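Trainee: Structure provided below as structure tokens; questions to follow.
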Amino acid sequence: MTVAAKAKTKTKTKRGDLAREKLKAAAVRVLNQTGFHQMRIKDVTQEAGVATGLFYHYFKNLESLVREVMSEHIERFEATADIERDVSKGAWLERMRSHYRLVVQTYAEEPGVMRCVQQFAADDPAFREHWRSSYNQRMEQLVQAFPRVFPEVEIPADEVRLLVYALGGIGQDFLHEYYVEQNADLRSSEYTQDQIADWLAALFYRGLFASNPARESLSHAQILMDIKRGGL
């Protein structure tokens, strides 16, 4: 292949990559506007500003597009090293807060995508298995870390797993109601993403360590320090 031919192929590939990303970005916007079950290929191509026929050059069908978009979101949640990049070793509250920041940001900026996770998982067994496998893997990381965090505690692994999975659900219903369902009662007060992440991280910390984090380590959830039974 000549130098000119190689350059032409590279340009064509780059153009194709840009078109593919454009369609995926458009799909995210449509999901946030209408949801998965109402979305059509025409909606995506119109949002992307491309011809409908171009869609099939990059994706077999609507499901393959949504599967790729959803899989990329899963990869973001799995990127522990990136999420905890600026967190000091042993800083458990900040570790929790860094993960909640990403989750809260995703719910806040892409509520339709988070709704789609449940909808698409119900319709697509392969994606459901991918999503569950990813979630289970993240929970197992905490299960494996438990003996290192609490070396003096002797507790069966199955009970550690029960504890971790129970704690892992903290905030999920709230985030769905607040961002996806736009619950009017919850949204009567507006909270920033940082406020919500701080609250959820503090709740997770209390559940895991059965104690409060240092008051000065919290940015917004200091009131939790004052919530305790009388006489204790």
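Convention: chains lettered A, B, ... in structure tokens order; per-chain residue numbering from 1; ligands numbered from 1 as shown.
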Give me, as a tab-separated table, each residue of region 23-60 of chain A that comes within 12 Å of region 106-112 of chain A, together with its shortest interatomic pair and the distance in Å at one decimal, counting only C-alpha atoms, with rows ordered by chain and rising residue number.

Mentor:
residue	atom	partner	partner_atom	distance
A:Ala25	CA	A:Glu110	CA	11.2
A:Ala27	CA	A:Gly112	CA	10.3
A:Val28	CA	A:Glu110	CA	7.5
A:Arg29	CA	A:Glu110	CA	8.1
A:Val30	CA	A:Gly112	CA	8.1
A:Leu31	CA	A:Gly112	CA	4.9
A:Asn32	CA	A:Gly112	CA	3.7
A:Gln33	CA	A:Gly112	CA	6.8
A:Thr34	CA	A:Gly112	CA	7.5
A:Gly35	CA	A:Gly112	CA	5.7
A:Phe36	CA	A:Gly112	CA	8.0
A:His37	CA	A:Gly112	CA	11.0
A:Gln38	CA	A:Gly112	CA	11.5
A:Met39	CA	A:Gly112	CA	11.1

Trainee: Write down as a PyMOL selection string the residues belonging to region 59-199 of chain A that are assigned helix (DSSP H, G or I) by DSSP computed on the backbone.

Mentor: chain A and resi 62-78+80-83+92-109+111-123+125-149+157-168+172-180+186-188+193-199

Trainee: For Ala202 (chain A), find every residue with an atom within 8 Å (counting only C-alpha atoms), except residues of its own chain fewer than 3 positions away, and show them as a list in words.

Mentor: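 Non-adjacent residues within range: Leu93, Asp198, Trp199, Tyr205, Arg206, Asn212, Pro213, Leu218, Ala221 and Leu224 of chain A.
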
Trainee: Output the selection as an mmCIF file, in the first residue's frame - N, CA, C and O atoms for each residue.

Mentor:
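Saved file again-v4.cif follows:
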data_model
loop_
_atom_site.group_PDB
_atom_site.id
_atom_site.type_symbol
_atom_site.label_atom_id
_atom_site.label_comp_id
_atom_site.auth_asym_id
_atom_site.auth_seq_id
_atom_site.Cartn_x
_atom_site.Cartn_y
_atom_site.Cartn_z
ATOM 1 N N LEU A 93 -13.384 7.059 53.697
ATOM 2 C CA LEU A 93 -14.490 7.967 53.394
ATOM 3 C C LEU A 93 -14.315 8.573 52.008
ATOM 4 O O LEU A 93 -15.262 8.641 51.221
ATOM 5 N N ASP A 198 -21.676 13.360 49.316
ATOM 6 C CA ASP A 198 -21.172 13.444 50.686
ATOM 7 C C ASP A 198 -22.100 12.697 51.648
ATOM 8 O O ASP A 198 -21.646 11.931 52.506
ATOM 9 N N TRP A 199 -23.393 12.896 51.496
ATOM 10 C CA TRP A 199 -24.365 12.218 52.345
ATOM 11 C C TRP A 199 -24.293 10.702 52.168
ATOM 12 O O TRP A 199 -24.251 9.947 53.147
ATOM 13 N N TYR A 205 -20.245 4.801 55.119
ATOM 14 C CA TYR A 205 -19.179 4.719 56.125
ATOM 15 C C TYR A 205 -19.754 4.287 57.469
ATOM 16 O O TYR A 205 -19.208 3.402 58.142
ATOM 17 N N ARG A 206 -20.851 4.912 57.871
ATOM 18 C CA ARG A 206 -21.480 4.557 59.150
ATOM 19 C C ARG A 206 -21.924 3.100 59.159
ATOM 20 O O ARG A 206 -21.790 2.397 60.166
ATOM 21 N N ASN A 212 -19.060 7.127 63.160
ATOM 22 C CA ASN A 212 -19.112 8.295 62.295
ATOM 23 C C ASN A 212 -17.734 8.632 61.740
ATOM 24 O O ASN A 212 -16.726 8.458 62.439
ATOM 25 N N PRO A 213 -17.675 9.142 60.523
ATOM 26 C CA PRO A 213 -16.402 9.686 60.043
ATOM 27 C C PRO A 213 -16.098 10.972 60.804
ATOM 28 O O PRO A 213 -16.976 11.530 61.480
ATOM 29 N N LEU A 218 -16.239 15.808 56.454
ATOM 30 C CA LEU A 218 -17.478 15.934 55.694
ATOM 31 C C LEU A 218 -17.670 17.370 55.232
ATOM 32 O O LEU A 218 -17.417 18.314 55.980
ATOM 33 N N ALA A 221 -22.527 16.789 55.113
ATOM 34 C CA ALA A 221 -23.360 15.868 55.894
ATOM 35 C C ALA A 221 -23.014 15.858 57.377
ATOM 36 O O ALA A 221 -23.225 14.858 58.061
ATOM 37 N N LEU A 224 -25.268 14.456 60.233
ATOM 38 C CA LEU A 224 -25.331 13.032 60.571
ATOM 39 C C LEU A 224 -24.618 12.735 61.879
ATOM 40 O O LEU A 224 -24.959 11.782 62.582
#

Trainee: Mind checking which residues fall within 12 Å of Ala121 (chain A), counting only C-alpha atoms, ignoring those fewer than 3 positions away in the same chain, and posting them as a compact mmCIF listing (two decimals) with N, CA, C and O atoms, in the first residue's frame?

Mentor:
# COMPACT_ATOMS: atom_id res chain seq x y z
N PHE A 36 -35.67 4.22 26.46
CA PHE A 36 -35.30 3.15 25.53
C PHE A 36 -36.49 2.60 24.75
O PHE A 36 -36.42 2.42 23.53
N GLU A 63 -30.57 -2.22 19.16
CA GLU A 63 -30.10 -2.91 20.36
C GLU A 63 -28.57 -2.95 20.43
O GLU A 63 -27.99 -2.80 21.51
N VAL A 66 -27.40 0.48 21.63
CA VAL A 66 -27.67 0.69 23.05
C VAL A 66 -26.75 -0.19 23.90
O VAL A 66 -26.23 0.24 24.94
N ARG A 67 -26.51 -1.41 23.44
CA ARG A 67 -25.62 -2.32 24.18
C ARG A 67 -24.22 -1.73 24.31
O ARG A 67 -23.59 -1.81 25.36
N MET A 70 -24.35 1.25 26.77
CA MET A 70 -24.49 0.78 28.15
C MET A 70 -23.20 0.13 28.64
O MET A 70 -22.80 0.30 29.80
N SER A 71 -22.54 -0.60 27.76
CA SER A 71 -21.29 -1.28 28.15
C SER A 71 -20.21 -0.26 28.50
O SER A 71 -19.40 -0.48 29.41
N VAL A 113 -30.30 7.35 30.69
CA VAL A 113 -29.39 6.21 30.55
C VAL A 113 -29.54 5.29 31.76
O VAL A 113 -29.58 4.06 31.62
N MET A 114 -29.63 5.86 32.95
CA MET A 114 -29.76 5.04 34.15
C MET A 114 -31.11 4.32 34.18
O MET A 114 -31.22 3.20 34.67
N ARG A 115 -32.14 4.96 33.66
CA ARG A 115 -33.43 4.27 33.53
C ARG A 115 -33.29 3.12 32.52
O ARG A 115 -33.83 2.03 32.71
N CYS A 116 -32.55 3.38 31.46
CA CYS A 116 -32.37 2.39 30.40
C CYS A 116 -31.65 1.15 30.90
O CYS A 116 -31.88 0.05 30.40
N VAL A 117 -30.77 1.31 31.88
CA VAL A 117 -30.05 0.16 32.42
C VAL A 117 -31.04 -0.92 32.84
O VAL A 117 -30.90 -2.10 32.49
N GLN A 118 -32.07 -0.53 33.57
CA GLN A 118 -33.06 -1.49 34.03
C GLN A 118 -33.93 -1.99 32.88
O GLN A 118 -34.22 -3.18 32.77
N ASP A 124 -32.67 -7.69 27.37
CA ASP A 124 -31.47 -8.26 26.75
C ASP A 124 -30.71 -9.11 27.77
O ASP A 124 -29.99 -8.58 28.61
N PRO A 125 -30.85 -10.43 27.71
CA PRO A 125 -30.19 -11.31 28.69
C PRO A 125 -28.68 -11.16 28.73
O PRO A 125 -28.08 -11.22 29.81
N ALA A 126 -28.05 -10.94 27.57
CA ALA A 126 -26.59 -10.81 27.54
C ALA A 126 -26.15 -9.56 28.29
O ALA A 126 -25.18 -9.59 29.06
N PHE A 127 -26.87 -8.46 28.07
CA PHE A 127 -26.51 -7.24 28.79
C PHE A 127 -26.79 -7.39 30.28
O PHE A 127 -26.00 -6.93 31.12
N ARG A 128 -27.92 -8.02 30.62
CA ARG A 128 -28.24 -8.22 32.03
C ARG A 128 -27.13 -9.00 32.73
O ARG A 128 -26.72 -8.64 33.84
N GLU A 129 -26.61 -10.02 32.08
CA GLU A 129 -25.52 -10.81 32.66
C GLU A 129 -24.26 -9.97 32.80
O GLU A 129 -23.53 -10.06 33.79
N HIS A 130 -23.99 -9.13 31.80
CA HIS A 130 -22.82 -8.24 31.84
C HIS A 130 -22.94 -7.27 33.01
O HIS A 130 -21.99 -7.08 33.78
N TRP A 131 -24.10 -6.66 33.15
CA TRP A 131 -24.33 -5.68 34.22
C TRP A 131 -24.22 -6.34 35.59
O TRP A 131 -23.55 -5.83 36.49
N ARG A 132 -24.85 -7.49 35.76
CA ARG A 132 -24.81 -8.19 37.04
C ARG A 132 -23.40 -8.67 37.36
O ARG A 132 -22.95 -8.59 38.51

Trainee: Taking 3 positions as the minimum chain separation for residues in the same chain, which residues sit within 9 Å of Asp194 (chain A) when counting only C-alpha atoms? Answer as an MDAnalysis selection string.

Mentor: chainID A and resid 97 101 104:105 191 197:199 219:220

Trainee: Quick one: write out the picked residues with N, CA and C atoms as a short mmCIF file (atom, residue, chain, number, x, y, z; two decimals), in the first residue's frame?

Mentor:
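out.cif was written with the following content:
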data_model
loop_
_atom_site.label_atom_id
_atom_site.label_comp_id
_atom_site.auth_asym_id
_atom_site.auth_seq_id
_atom_site.Cartn_x
_atom_site.Cartn_y
_atom_site.Cartn_z
N ARG A 97 -16.61 8.33 48.73
CA ARG A 97 -17.13 9.55 48.13
C ARG A 97 -16.75 9.64 46.65
N ARG A 101 -19.48 10.05 43.81
CA ARG A 101 -19.46 11.22 42.92
C ARG A 101 -19.75 10.80 41.48
N VAL A 104 -23.49 9.62 41.23
CA VAL A 104 -24.40 10.76 41.30
C VAL A 104 -24.31 11.59 40.03
N GLN A 105 -23.09 11.82 39.55
CA GLN A 105 -22.92 12.60 38.31
C GLN A 105 -23.64 11.92 37.15
N TYR A 191 -30.44 19.84 45.81
CA TYR A 191 -29.15 19.46 46.34
C TYR A 191 -28.13 19.39 45.22
N ALA A 197 -23.40 13.19 47.14
CA ALA A 197 -22.29 12.24 47.25
C ALA A 197 -21.74 12.21 48.68
N ASP A 198 -21.68 13.36 49.32
CA ASP A 198 -21.17 13.44 50.69
C ASP A 198 -22.10 12.70 51.65
N TRP A 199 -23.39 12.90 51.50
CA TRP A 199 -24.36 12.22 52.34
C TRP A 199 -24.29 10.70 52.17
N SER A 219 -18.14 17.50 54.01
CA SER A 219 -18.37 18.83 53.46
C SER A 219 -19.80 19.31 53.67
N HIS A 220 -20.76 18.37 53.68
CA HIS A 220 -22.17 18.75 53.72
C HIS A 220 -23.01 17.94 54.70
#

Trainee: For Gly53 (chain A), find every residue with an atom within 12 Å (counting only C-alpha atoms), except residues of its own chain fewer than 6 positions away, and show them as a ChimeraX atom specification.

Mentor: /A:41-42,44-46,59-61

Trainee: Given the choices A:Val164, A:Met225, A:Ala122, A:Ile155, which gets closest to Asn136 (chain A) if the distance is worked out from only C-alpha atoms?

Mentor: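 Closest to Asn136 (chain A) of all the choices is A:Val164.
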
Trainee: Between CA of Val153 (chain A) and CA of Ser88 (chain A), measure the distance and give it in Å to one decimal.

Mentor: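 For CA of Val153 (chain A) relative to CA of Ser88 (chain A), the distance reads 23.9 Å.
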
Trainee: Go through A:Ser133, A:Val103, A:Ser98, A:Tyr165 and flag the residue nearest Tyr179 (chain A), using only C-alpha atoms for the distances.

Mentor: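 Comparing A:Ser133, A:Val103, A:Ser98, A:Tyr165 against Tyr179 (chain A), the winner is A:Val103.
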
Trainee: To one decimal in Å, tell me the separation between CA of Glu216 (chain A) and CA of Ala91 (chain A).

Mentor: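 Between these atoms lies a distance of 13.5 Å.
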
Trainee: Go through A:Arg15, A:Ser134, A:Gly207, A:Ile196 one by one, measure the shortest atom-to-atom distance of each to Leu102 (chain A) using only C-alpha atoms, and give the residue with the smallest value.

Mentor: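 Ranking A:Arg15, A:Ser134, A:Gly207, A:Ile196 by distance to Leu102 (chain A), first place goes to A:Ile196.
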
Trainee: Between CA of Pro147 (chain A) and CA of Ser211 (chain A), measure the distance and give it in Å to one decimal.

Mentor: 17.9 Å

Trainee: Taking only C-alpha atoms into account, which of A:Ile74, A:Arg187, A:Gly90, A:Ala79 comes nearest Arg148 (chain A)?

Mentor: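 Using only C-alpha atoms, the shortest distance to Arg148 (chain A) belongs to A:Gly90.
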
Trainee: Find the residue from A:Glu177, A:Leu208, A:Ala184, A:Gln222 that sits nearest to Val143 (chain A); use only C-alpha atoms when measuring.

Mentor: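 Answer, going by the shortest atom-to-atom distance: A:Leu208.
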